[in-house]
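Okay, query_39.tsv now, which holds TSV, C-alpha atoms:
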```
chain	number	residue	atom	x	y	z
A	9	MET	CA	-17.46	-8.90	-13.38
A	10	ARG	CA	-13.90	-10.11	-13.81
A	11	GLN	CA	-13.26	-13.73	-14.59
A	12	ALA	CA	-10.00	-15.39	-13.75
A	13	ASN	CA	-8.00	-17.25	-16.29
A	14	ARG	CA	-8.28	-20.44	-14.25
A	15	GLU	CA	-5.30	-22.12	-15.82
A	16	ARG	CA	-2.79	-19.81	-14.22
A	17	GLY	CA	-2.79	-18.01	-10.95
A	18	CYS	CA	-0.38	-15.18	-10.40
A	19	VAL	CA	1.46	-13.35	-7.68
A	20	ILE	CA	0.88	-9.63	-7.34
A	21	TRP	CA	3.96	-8.54	-5.48
A	22	PHE	CA	3.68	-5.15	-3.80
A	23	THR	CA	6.79	-3.34	-2.71
A	24	GLY	CA	7.18	0.05	-1.13
A	25	LEU	CA	7.99	1.93	2.04
A	26	SER	CA	5.97	1.52	5.20
A	27	GLY	CA	2.99	3.82	4.76
A	28	SER	CA	3.24	3.88	0.96
A	29	GLY	CA	-0.22	2.35	0.62
A	30	LYS	CA	0.57	-1.28	-0.19
A	31	THR	CA	-2.02	-2.83	2.09
A	32	THR	CA	-4.71	-0.26	1.26
A	33	ILE	CA	-4.37	-0.85	-2.47
A	34	ALA	CA	-4.03	-4.61	-1.95
A	35	GLN	CA	-7.33	-4.73	-0.09
A	36	ILE	CA	-9.14	-2.87	-2.85
A	37	VAL	CA	-7.65	-5.19	-5.46
A	38	GLU	CA	-8.72	-8.12	-3.32
A	39	HIS	CA	-12.31	-6.90	-3.20
A	40	LYS	CA	-12.41	-6.33	-6.93
A	41	LEU	CA	-11.15	-9.85	-7.53
A	42	LEU	CA	-13.49	-11.42	-4.99
A	43	ASP	CA	-16.37	-9.67	-6.77
A	44	GLY	CA	-15.34	-11.68	-9.80
A	45	ASP	CA	-15.16	-14.91	-7.82
A	46	VAL	CA	-11.39	-15.09	-8.29
A	47	PRO	CA	-9.68	-17.11	-5.53
A	48	ILE	CA	-7.32	-14.71	-3.81
A	49	GLU	CA	-5.09	-14.63	-0.77
A	50	ILE	CA	-3.32	-11.64	0.71
A	51	LEU	CA	0.00	-12.46	2.36
A	52	ASP	CA	0.42	-9.32	4.36
A	53	GLY	CA	3.83	-8.57	5.84
A	54	ASP	CA	2.59	-8.51	9.42
A	55	VAL	CA	0.52	-11.68	9.09
A	56	VAL	CA	3.45	-13.54	7.57
A	57	ARG	CA	5.82	-12.37	10.27
A	58	GLU	CA	3.38	-13.72	12.86
A	59	ASN	CA	2.70	-17.07	11.21
A	60	LEU	CA	5.85	-17.97	9.32
A	61	SER	CA	8.67	-15.84	10.59
A	62	LYS	CA	8.27	-15.23	14.28
A	63	GLY	CA	11.72	-14.80	15.80
A	64	LEU	CA	13.21	-13.22	12.70
A	65	GLY	CA	14.46	-9.66	12.99
A	66	PHE	CA	15.07	-6.92	10.48
A	67	SER	CA	18.69	-7.47	9.51
A	68	LYS	CA	19.24	-7.92	5.78
A	69	GLU	CA	19.72	-11.63	6.35
A	70	ASP	CA	16.49	-12.03	8.32
A	71	ARG	CA	14.54	-9.86	5.90
A	72	ASP	CA	15.77	-12.03	3.04
A	73	ILE	CA	14.72	-15.21	4.82
A	74	ASN	CA	11.30	-13.69	5.48
A	75	ILE	CA	10.86	-12.72	1.83
A	76	ARG	CA	11.99	-16.16	0.65
A	77	ARG	CA	9.32	-17.72	2.83
A	78	ILE	CA	6.67	-15.42	1.42
A	79	ALA	CA	7.82	-16.29	-2.08
A	80	PHE	CA	7.77	-20.03	-1.31
A	81	VAL	CA	4.19	-19.90	-0.03
A	82	ALA	CA	3.01	-17.52	-2.75
A	83	HIS	CA	4.43	-19.87	-5.36
A	84	LEU	CA	2.67	-22.91	-3.86
A	85	LEU	CA	-0.63	-21.04	-3.97
A	86	GLN	CA	-0.09	-19.64	-7.46
A	87	ARG	CA	0.72	-22.98	-9.02
A	88	ASN	CA	-2.54	-24.27	-7.62
A	89	GLY	CA	-4.38	-21.57	-9.49
A	90	ALA	CA	-4.77	-18.95	-6.79
A	91	PHE	CA	-4.17	-15.24	-7.13
A	92	VAL	CA	-1.87	-14.10	-4.38
A	93	ILE	CA	-1.13	-10.60	-3.22
A	94	THR	CA	1.98	-10.09	-1.14
A	95	ALA	CA	2.25	-6.83	0.71
A	96	ALA	CA	5.56	-6.69	2.51
A	97	ILE	CA	8.06	-3.83	2.23
A	98	SER	CA	10.55	-6.18	0.51
A	99	PRO	CA	13.16	-3.44	0.25
A	100	TYR	CA	15.93	-5.35	-1.56
A	101	ARG	CA	15.91	-5.63	-5.32
A	102	SER	CA	17.96	-8.82	-5.43
A	103	ILE	CA	15.56	-10.82	-3.32
A	104	ARG	CA	12.53	-9.52	-5.22
A	105	ASN	CA	14.21	-10.65	-8.41
A	106	GLU	CA	14.89	-14.02	-6.84
A	107	ALA	CA	11.17	-14.30	-6.08
A	108	ARG	CA	10.35	-13.31	-9.66
A	109	GLY	CA	12.70	-16.00	-10.97
A	110	MET	CA	11.09	-18.68	-8.84
A	111	ILE	CA	7.47	-17.71	-9.35
A	112	LYS	CA	7.47	-16.68	-13.02
A	113	GLU	CA	3.83	-15.51	-12.95
A	114	PHE	CA	4.93	-12.38	-11.17
A	115	VAL	CA	3.43	-8.91	-11.31
A	116	GLU	CA	5.48	-6.39	-9.37
A	117	VAL	CA	3.60	-3.36	-8.09
A	118	TYR	CA	5.60	-0.45	-6.78
A	119	ALA	CA	3.71	1.66	-4.28
A	120	GLU	CA	5.71	4.83	-4.74
A	121	ALA	CA	5.49	7.75	-2.39
A	122	PRO	CA	8.14	10.14	-1.13
A	123	LEU	CA	9.51	9.26	2.28
A	124	GLU	CA	8.16	12.58	3.65
A	125	VAL	CA	4.64	11.59	2.61
A	126	CYS	CA	4.91	8.14	4.19
A	127	GLU	CA	6.35	9.63	7.33
A	128	GLU	CA	3.61	12.24	7.47
A	129	ARG	CA	0.98	9.47	7.24
A	130	ASP	CA	2.77	7.28	9.79
A	131	VAL	CA	-0.28	5.02	10.11
A	132	LYS	CA	1.34	2.65	12.58
A	133	GLY	CA	3.40	5.27	14.42
A	134	LEU	CA	6.57	3.46	13.38
A	135	TYR	CA	8.37	6.39	11.78
A	136	ALA	CA	8.11	8.36	14.99
A	137	LYS	CA	9.63	5.45	16.88
A	138	ALA	CA	12.37	5.04	14.28
A	139	ARG	CA	13.22	8.75	14.45
A	140	ALA	CA	13.30	8.49	18.22
A	141	GLY	CA	15.74	5.60	17.89
A	142	GLU	CA	13.30	3.14	19.46
A	143	ILE	CA	13.31	1.02	16.30
A	144	LYS	CA	16.59	0.22	14.60
A	145	GLY	CA	17.01	-0.72	10.95
A	146	PHE	CA	13.80	0.89	9.79
A	147	THR	CA	13.44	1.02	6.02
A	148	GLY	CA	13.82	4.55	4.70
A	149	ILE	CA	15.29	5.90	7.94
A	150	ASP	CA	18.37	3.86	8.74
A	151	ASP	CA	17.92	0.95	6.35
A	152	PRO	CA	17.86	1.15	2.56
A	153	TYR	CA	14.93	0.88	0.18
A	154	GLU	CA	15.82	-0.13	-3.36
A	155	ALA	CA	13.11	0.97	-5.77
A	156	PRO	CA	12.19	-1.42	-8.59
A	157	SER	CA	13.66	-0.56	-11.97
A	158	ALA	CA	11.04	-2.37	-14.04
A	159	ALA	CA	7.90	-2.96	-12.02
A	160	GLU	CA	4.86	-4.01	-14.04
A	161	VAL	CA	2.83	-1.32	-12.29
A	162	THR	CA	3.86	1.84	-10.48
A	163	CYS	CA	1.29	3.51	-8.27
A	164	ASN	CA	2.12	7.09	-7.34
A	165	THR	CA	0.21	7.04	-4.15
A	166	ALA	CA	0.91	10.66	-3.29
A	167	GLN	CA	-1.05	11.71	-6.39
A	168	GLU	CA	-3.46	8.86	-7.13
A	169	SER	CA	-6.37	7.71	-5.01
A	170	PRO	CA	-6.13	4.12	-3.72
A	171	GLU	CA	-9.05	3.31	-6.02
A	172	GLU	CA	-7.14	4.63	-9.04
A	173	SER	CA	-4.05	2.68	-8.04
A	174	ALA	CA	-6.04	-0.52	-7.62
A	175	GLN	CA	-7.60	-0.05	-11.03
A	176	LYS	CA	-4.14	0.21	-12.60
A	177	VAL	CA	-3.32	-3.15	-11.09
A	178	ILE	CA	-6.52	-4.73	-12.41
A	179	ASP	CA	-5.92	-3.25	-15.87
A	180	LYS	CA	-2.44	-4.77	-15.90
A	181	LEU	CA	-3.81	-8.18	-14.90
A	182	VAL	CA	-6.17	-8.01	-17.85
A	183	GLU	CA	-3.39	-6.87	-20.18
A	184	LEU	CA	-1.22	-9.79	-19.05
A	185	LYS	CA	-4.20	-12.11	-19.53
A	186	TYR	CA	-4.43	-13.25	-15.91
A	187	LEU	CA	-7.96	-11.88	-15.99
A	188	GLU	CA	-10.32	-12.04	-18.89
A	189	ALA	CA	-11.11	-8.70	-20.43
B	26	MET	CA	-10.03	-41.71	-12.89
B	27	ARG	CA	-10.73	-39.82	-9.70
B	28	GLN	CA	-12.36	-36.44	-9.88
B	29	ALA	CA	-11.92	-33.89	-7.14
B	30	ASN	CA	-14.85	-32.25	-5.49
B	31	ARG	CA	-13.64	-28.84	-6.62
B	32	GLU	CA	-15.55	-26.90	-4.01
B	33	ARG	CA	-13.42	-28.10	-1.15
B	34	GLY	CA	-9.81	-29.03	-0.93
B	35	CYS	CA	-8.59	-31.01	2.02
B	36	VAL	CA	-5.49	-31.65	4.06
B	37	ILE	CA	-4.28	-35.23	4.34
B	38	TRP	CA	-2.20	-35.10	7.46
B	39	PHE	CA	0.24	-37.96	7.87
B	40	THR	CA	1.76	-38.67	11.24
B	41	GLY	CA	4.11	-41.41	12.32
B	42	LEU	CA	7.64	-42.26	13.33
B	43	SER	CA	10.60	-41.63	11.08
B	44	GLY	CA	10.70	-44.61	8.74
B	45	SER	CA	7.04	-45.48	9.24
B	46	GLY	CA	6.32	-44.96	5.55
B	47	LYS	CA	4.66	-41.52	5.53
B	48	THR	CA	6.49	-40.16	2.51
B	49	THR	CA	6.28	-43.41	0.54
B	50	ILE	CA	2.53	-43.64	0.98
B	51	ALA	CA	2.13	-39.90	0.40
B	52	GLN	CA	3.89	-40.15	-2.95
B	53	ILE	CA	1.65	-42.98	-4.12
B	54	VAL	CA	-1.44	-41.03	-3.03
B	55	GLU	CA	-0.07	-38.01	-4.89
B	56	HIS	CA	0.32	-40.00	-8.10
B	57	LYS	CA	-3.15	-41.44	-7.82
B	58	LEU	CA	-4.59	-37.95	-7.38
B	59	LEU	CA	-2.51	-36.44	-10.16
B	60	ASP	CA	-3.83	-39.19	-12.45
B	61	GLY	CA	-7.25	-37.77	-11.74
B	62	ASP	CA	-6.12	-34.23	-12.40
B	63	VAL	CA	-6.58	-33.25	-8.77
B	64	PRO	CA	-4.38	-30.29	-7.77
B	65	ILE	CA	-2.12	-31.59	-5.03
B	66	GLU	CA	0.87	-30.43	-3.03
B	67	ILE	CA	3.03	-32.48	-0.71
B	68	LEU	CA	4.45	-30.53	2.21
B	69	ASP	CA	7.17	-32.93	3.22
B	70	GLY	CA	8.78	-32.48	6.61
B	71	ASP	CA	12.26	-32.00	5.20
B	72	VAL	CA	11.17	-29.57	2.48
B	73	VAL	CA	9.27	-27.46	4.98
B	74	ARG	CA	12.20	-27.39	7.38
B	75	GLU	CA	14.38	-26.10	4.55
B	76	ASN	CA	11.97	-23.49	3.22
B	77	LEU	CA	9.94	-22.32	6.18
B	78	SER	CA	11.68	-23.36	9.33
B	79	LYS	CA	15.41	-23.17	8.86
B	80	GLY	CA	16.99	-22.40	12.19
B	81	LEU	CA	14.38	-24.24	14.21
B	82	GLY	CA	15.53	-27.23	16.22
B	83	PHE	CA	13.75	-30.26	17.61
B	84	SER	CA	12.70	-29.09	21.06
B	85	LYS	CA	8.98	-29.40	21.73
B	86	GLU	CA	8.63	-25.65	21.28
B	87	ASP	CA	10.43	-25.60	17.95
B	88	ARG	CA	8.60	-28.67	16.71
B	89	ASP	CA	5.30	-27.00	17.59
B	90	ILE	CA	6.26	-23.83	15.71
B	91	ASN	CA	7.24	-25.93	12.71
B	92	ILE	CA	3.94	-27.81	12.73
B	93	ARG	CA	1.97	-24.56	13.10
B	94	ARG	CA	3.70	-23.21	9.99
B	95	ILE	CA	2.87	-26.35	8.06
B	96	ALA	CA	-0.72	-26.06	9.20
B	97	PHE	CA	-0.87	-22.37	8.23
B	98	VAL	CA	0.38	-23.05	4.71
B	99	ALA	CA	-1.70	-26.22	4.29
B	100	HIS	CA	-4.79	-24.26	5.29
B	101	LEU	CA	-4.08	-21.48	2.78
B	102	LEU	CA	-3.76	-24.06	0.02
B	103	GLN	CA	-6.80	-26.06	1.09
B	104	ARG	CA	-9.10	-23.08	1.22
B	105	ASN	CA	-8.09	-22.31	-2.35
B	106	GLY	CA	-9.28	-25.74	-3.38
B	107	ALA	CA	-6.02	-27.68	-3.34
B	108	PHE	CA	-5.45	-31.11	-1.89
B	109	VAL	CA	-2.49	-30.99	0.45
B	110	ILE	CA	-0.51	-33.85	1.90
B	111	THR	CA	1.64	-33.12	4.92
B	112	ALA	CA	4.24	-35.69	5.80
B	113	ALA	CA	6.01	-34.59	8.95
B	114	ILE	CA	6.43	-36.76	12.05
B	115	SER	CA	4.23	-34.35	14.04
B	116	PRO	CA	4.64	-36.36	17.22
B	117	TYR	CA	2.44	-34.32	19.57
B	118	ARG	CA	-1.29	-34.94	19.73
B	119	SER	CA	-2.14	-31.47	21.00
B	120	ILE	CA	-0.59	-29.66	18.05
B	121	ARG	CA	-2.14	-32.06	15.54
B	122	ASN	CA	-5.50	-31.33	17.11
B	123	GLU	CA	-4.77	-27.61	16.89
B	124	ALA	CA	-4.13	-28.07	13.18
B	125	ARG	CA	-7.37	-30.03	12.84
B	126	GLY	CA	-9.27	-27.24	14.56
B	127	MET	CA	-7.84	-24.60	12.24
B	128	ILE	CA	-8.13	-26.50	8.99
B	129	LYS	CA	-11.44	-28.33	9.47
B	130	GLU	CA	-11.11	-30.27	6.19
B	131	PHE	CA	-8.63	-32.56	7.88
B	132	VAL	CA	-7.94	-36.22	7.23
B	133	GLU	CA	-5.44	-37.66	9.67
B	134	VAL	CA	-3.49	-40.67	8.47
B	135	TYR	CA	-1.51	-42.63	11.01
B	136	ALA	CA	1.41	-44.48	9.51
B	137	GLU	CA	1.74	-47.11	12.20
B	138	ALA	CA	4.73	-49.38	12.52
B	139	PRO	CA	6.54	-50.70	15.57
B	140	LEU	CA	9.63	-48.76	16.49
B	141	GLU	CA	11.75	-51.88	15.85
B	142	VAL	CA	10.49	-52.04	12.28
B	143	CYS	CA	11.19	-48.35	11.64
B	144	GLU	CA	14.61	-48.69	13.19
B	145	GLU	CA	15.35	-51.77	11.13
B	146	ARG	CA	14.46	-49.85	7.94
B	147	ASP	CA	16.43	-46.77	9.02
B	148	VAL	CA	16.18	-45.31	5.52
B	149	LYS	CA	18.01	-42.10	6.40
B	150	GLY	CA	20.43	-43.63	8.89
B	151	LEU	CA	19.00	-41.42	11.60
B	152	TYR	CA	18.16	-44.11	14.14
B	153	ALA	CA	21.76	-45.28	14.12
B	154	LYS	CA	22.88	-41.73	14.81
B	155	ALA	CA	20.28	-41.30	17.54
B	156	ARG	CA	21.35	-44.57	19.22
B	157	ALA	CA	24.95	-43.41	19.01
B	158	GLY	CA	23.97	-40.18	20.72
B	159	GLU	CA	24.88	-38.08	17.68
B	160	ILE	CA	21.29	-36.80	17.40
B	161	LYS	CA	19.46	-35.68	20.51
B	162	GLY	CA	15.71	-35.53	20.92
B	163	PHE	CA	14.94	-38.09	18.24
B	164	THR	CA	11.32	-39.17	18.17
B	165	GLY	CA	10.88	-42.71	19.43
B	166	ILE	CA	14.35	-42.88	20.96
B	167	ASP	CA	14.68	-40.03	23.44
B	168	ASP	CA	11.65	-37.95	22.48
B	169	PRO	CA	8.01	-39.03	22.72
B	170	TYR	CA	5.62	-40.02	19.94
B	171	GLU	CA	1.95	-39.68	20.80
B	172	ALA	CA	-0.14	-41.92	18.56
B	173	PRO	CA	-3.47	-40.55	17.29
B	174	SER	CA	-6.51	-41.79	19.13
B	175	ALA	CA	-8.98	-41.20	16.31
B	176	ALA	CA	-7.17	-40.92	12.98
B	177	GLU	CA	-9.40	-41.12	9.93
B	178	VAL	CA	-7.08	-43.75	8.47
B	179	THR	CA	-4.55	-46.06	10.09
B	180	CYS	CA	-2.03	-47.74	7.83
B	181	ASN	CA	-0.28	-50.70	9.41
B	182	THR	CA	2.82	-50.37	7.33
B	183	ALA	CA	4.52	-53.42	8.81
B	184	GLN	CA	1.76	-55.60	7.35
B	185	GLU	CA	0.34	-53.67	4.39
B	186	SER	CA	2.10	-52.78	1.17
B	187	PRO	CA	2.48	-49.03	0.48
B	188	GLU	CA	0.04	-49.50	-2.39
B	189	GLU	CA	-2.57	-50.99	-0.05
B	190	SER	CA	-2.03	-48.18	2.44
B	191	ALA	CA	-2.40	-45.54	-0.26
B	192	GLN	CA	-5.61	-47.16	-1.45
B	193	LYS	CA	-7.04	-46.94	2.07
B	194	VAL	CA	-6.39	-43.20	2.00
B	195	ILE	CA	-8.06	-42.81	-1.39
B	196	ASP	CA	-11.06	-44.85	-0.25
B	197	LYS	CA	-11.44	-42.59	2.78
B	198	LEU	CA	-11.30	-39.47	0.59
B	199	VAL	CA	-14.13	-40.89	-1.48
B	200	GLU	CA	-16.11	-41.85	1.64
B	201	LEU	CA	-15.69	-38.30	2.99
B	202	LYS	CA	-16.72	-36.92	-0.40
B	203	TYR	CA	-13.48	-35.08	-1.12
B	204	LEU	CA	-13.26	-37.23	-4.22
B	205	GLU	CA	-16.13	-38.32	-6.37
B	206	ALA	CA	-16.83	-42.04	-6.26
```
Write-out of the structure in C-alpha cells:
Amino acid sequence: MRQANRERGCVIWFTGLSGSGKTTIAQIVEHKLLDGDVPIEILDGDVVRENLSKGLGFSKEDRDINIRRIAFVAHLLQRNGAFVITAAISPYRSIRNEARGMIKEFVEVYAEAPLEVCEERDVKGLYAKARAGEIKGFTGIDDPYEAPSAAEVTCNTAQESPEESAQKVIDKLVELKYLEA
Amino acid sequence: MRQANRERGCVIWFTGLSGSGKTTIAQIVEHKLLDGDVPIEILDGDVVRENLSKGLGFSKEDRDINIRRIAFVAHLLQRNGAFVITAAISPYRSIRNEARGMIKEFVEVYAEAPLEVCEERDVKGLYAKARAGEIKGFTGIDDPYEAPSAAEVTCNTAQESPEESAQKVIDKLVELKYLEA
C-alpha cells in the first residue's frame, strides 16, 4: 500500500491528444492512490469545462484561460496537501510551462500516441466530426498539439497497456518522493 | 492553540454587502486558524473574479455562475480536508442555499451592517461610483441583497469589533466540532 508524503501534495499534469488515453490512465492512477488512502482529485477536462469554464470556446486564448483556471485550482488543492490529476489536452507548451512555474510540485505526463491511433479509437466520436468539419479548431486536425520536450513521464499508449502506463506514473511519484517507497 | 478536526474540512461562507467587513473578519479568522496549524484558504471575491471568472459581469446570471464556481472550488478543497473561507457578496439566497446543498460542511456567516454604514466606509470607493451611475447593478444600490434567514453566525459589524466578530466564527467552529475545543 502506498503512503503519501503528507507534507507535499503534487499535481500530475496529463497532456496528450484527444483519445491518447489520458483519462483512462488517470483513473487507474487514481485507484492506485486511493488504495493507499492518498487524497486525490481528478480535474478532468470535460468536468472543468462544465464547472469552471462554461462559455469558453477553443480558440488559443480561450484554451489558455481554461488551462490557467485548471492550474489555479490544482495549485490550491496541492498546497493543501492533495494529489491532483489534471487530464485536459492542454496542447500549448507555453501555458503548460506557466502552470509548472506556478505550481512547482508538477509532474508532467505525456500520453503519447500517433494521431492515427487516437483517431482510430475516436472514443467520443469527435475526430469524425472534426474531419466532417462539424467541429472547428480540433487539436491534431486543424489546431496544433505541441508535445512536451521534457515530461517527467512519457506513456506510449499505442504500445503499453493502461496498467503499465499508470505504473510508470506511480514509480515516478515514488522516485520524486511524493509517495513513500 | 486550535486544532483542526482533520477528518472534515469545512467552508466558512461569508455573505454581506460591499464594505460590511467580510474580508476583514475573514483575515482575522484565517490568522487564528493558521496559528493552530489548520490548513486554510481564503477565496476572496476579487481574487476569484480574476482567476476563475474573468469576463463575467454582474447580472444575476453572471453572479450566479461566479458563485457556483466558488462553491465548486470550495467543495473540492473542503473534501480534501481544508478549511475554506469564501468572502464574496453572494447576494442571492437561492444560490447560497445551492452551495450549502452541494458542500454540506457549510457555515454561513452574515456580515451584517446597515447600508448607510457600508456606504460611509466605502473602502473601495465603489458606492460613490454606484451613486454617480458609473457602476450599474451594484448590490444595495440598484441590485438586491437578500439577507440570510438562518446563518450559522451573524456578525453585527456596526457594533462589534472585527476581532469580536472573528471570535464568534471560531466559537461556532468549535461548537460544530470542526475545531477541537
> What is the atom CA of B:Glu137-atom CA of B:Pro169 distance in Å, reported with one decimal?
Replying inline: 14.7 Å
>> Within 10 Å of chain A, which residues belong to chain B? Use only C-alpha atoms and report them as an NGL selection string.
In response: :B and (63-66 or 68 or 73 or 75-81 or 90-91 or 93-99 or 101-108)
>> Using Å and a single decimal, report how far atom CA of B:Val148 sits from atom CA of B:Ile160.
In response: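 Between these atoms lies a distance of 15.5 Å.
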>> Between atom CA of A:Glu160 and atom CA of A:Ser102, what distance in Å does the model show, to one decimal?
In response: 16.4 Å
> Smallest atom-to-atom distance to B:Leu42: which of B:Pro173, B:Gly158, B:Gly82, B:Gly165, using all atoms listed in the file?
Replying inline: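 Nearest candidate to B:Leu42 out of B:Pro173, B:Gly158, B:Gly82, B:Gly165: B:Gly165.
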>> List as a ChimeraX atom specification the protein and nucleic acid residues near B:Tyr170, meaning an atom at most 10 Å away when all atoms listed in the file are counted, but skip any in the same chain fewer than 3 places from it.
In response: /B:40-42,114-118,163-167,173
> A:Arg108: which residues within 12 Å, counting all atoms listed in the file, same-chain residues fewer than 2 positions away excluded, as number ranges by chain?
Replying inline: A: 18-21, 75-76, 78-80, 82-83, 101-106, 110-116, 158-160
> Looking at all atoms listed in the file, which of B:Ile67, B:Leu140, B:Val199, B:Leu151 is the one that sits closest to B:Thr49?
Replying inline: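 Among B:Ile67, B:Leu140, B:Val199, B:Leu151, it is B:Ile67 that comes nearest to B:Thr49.
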>> Residues near stretch 166-170 of chain A, anyone? I mean within 12 Å using all atoms listed in the file, not counting same-chain ones fewer than 5 positions away, as a ChimeraX atom specification.
In response: /A:27-37,119-129,175-177
May I have the centre and edge lengths, in Å to one decimal, of an axis-aligned box around the listed atoms of stretch 101-118 of chain B with 6 Å added to every side, as lines of an AutoDock Vina configuration file?
```
center_x = -1.4
center_y = -29.1
center_z = 8.2
size_x = 27.7
size_y = 27.3
size_z = 35.1
```
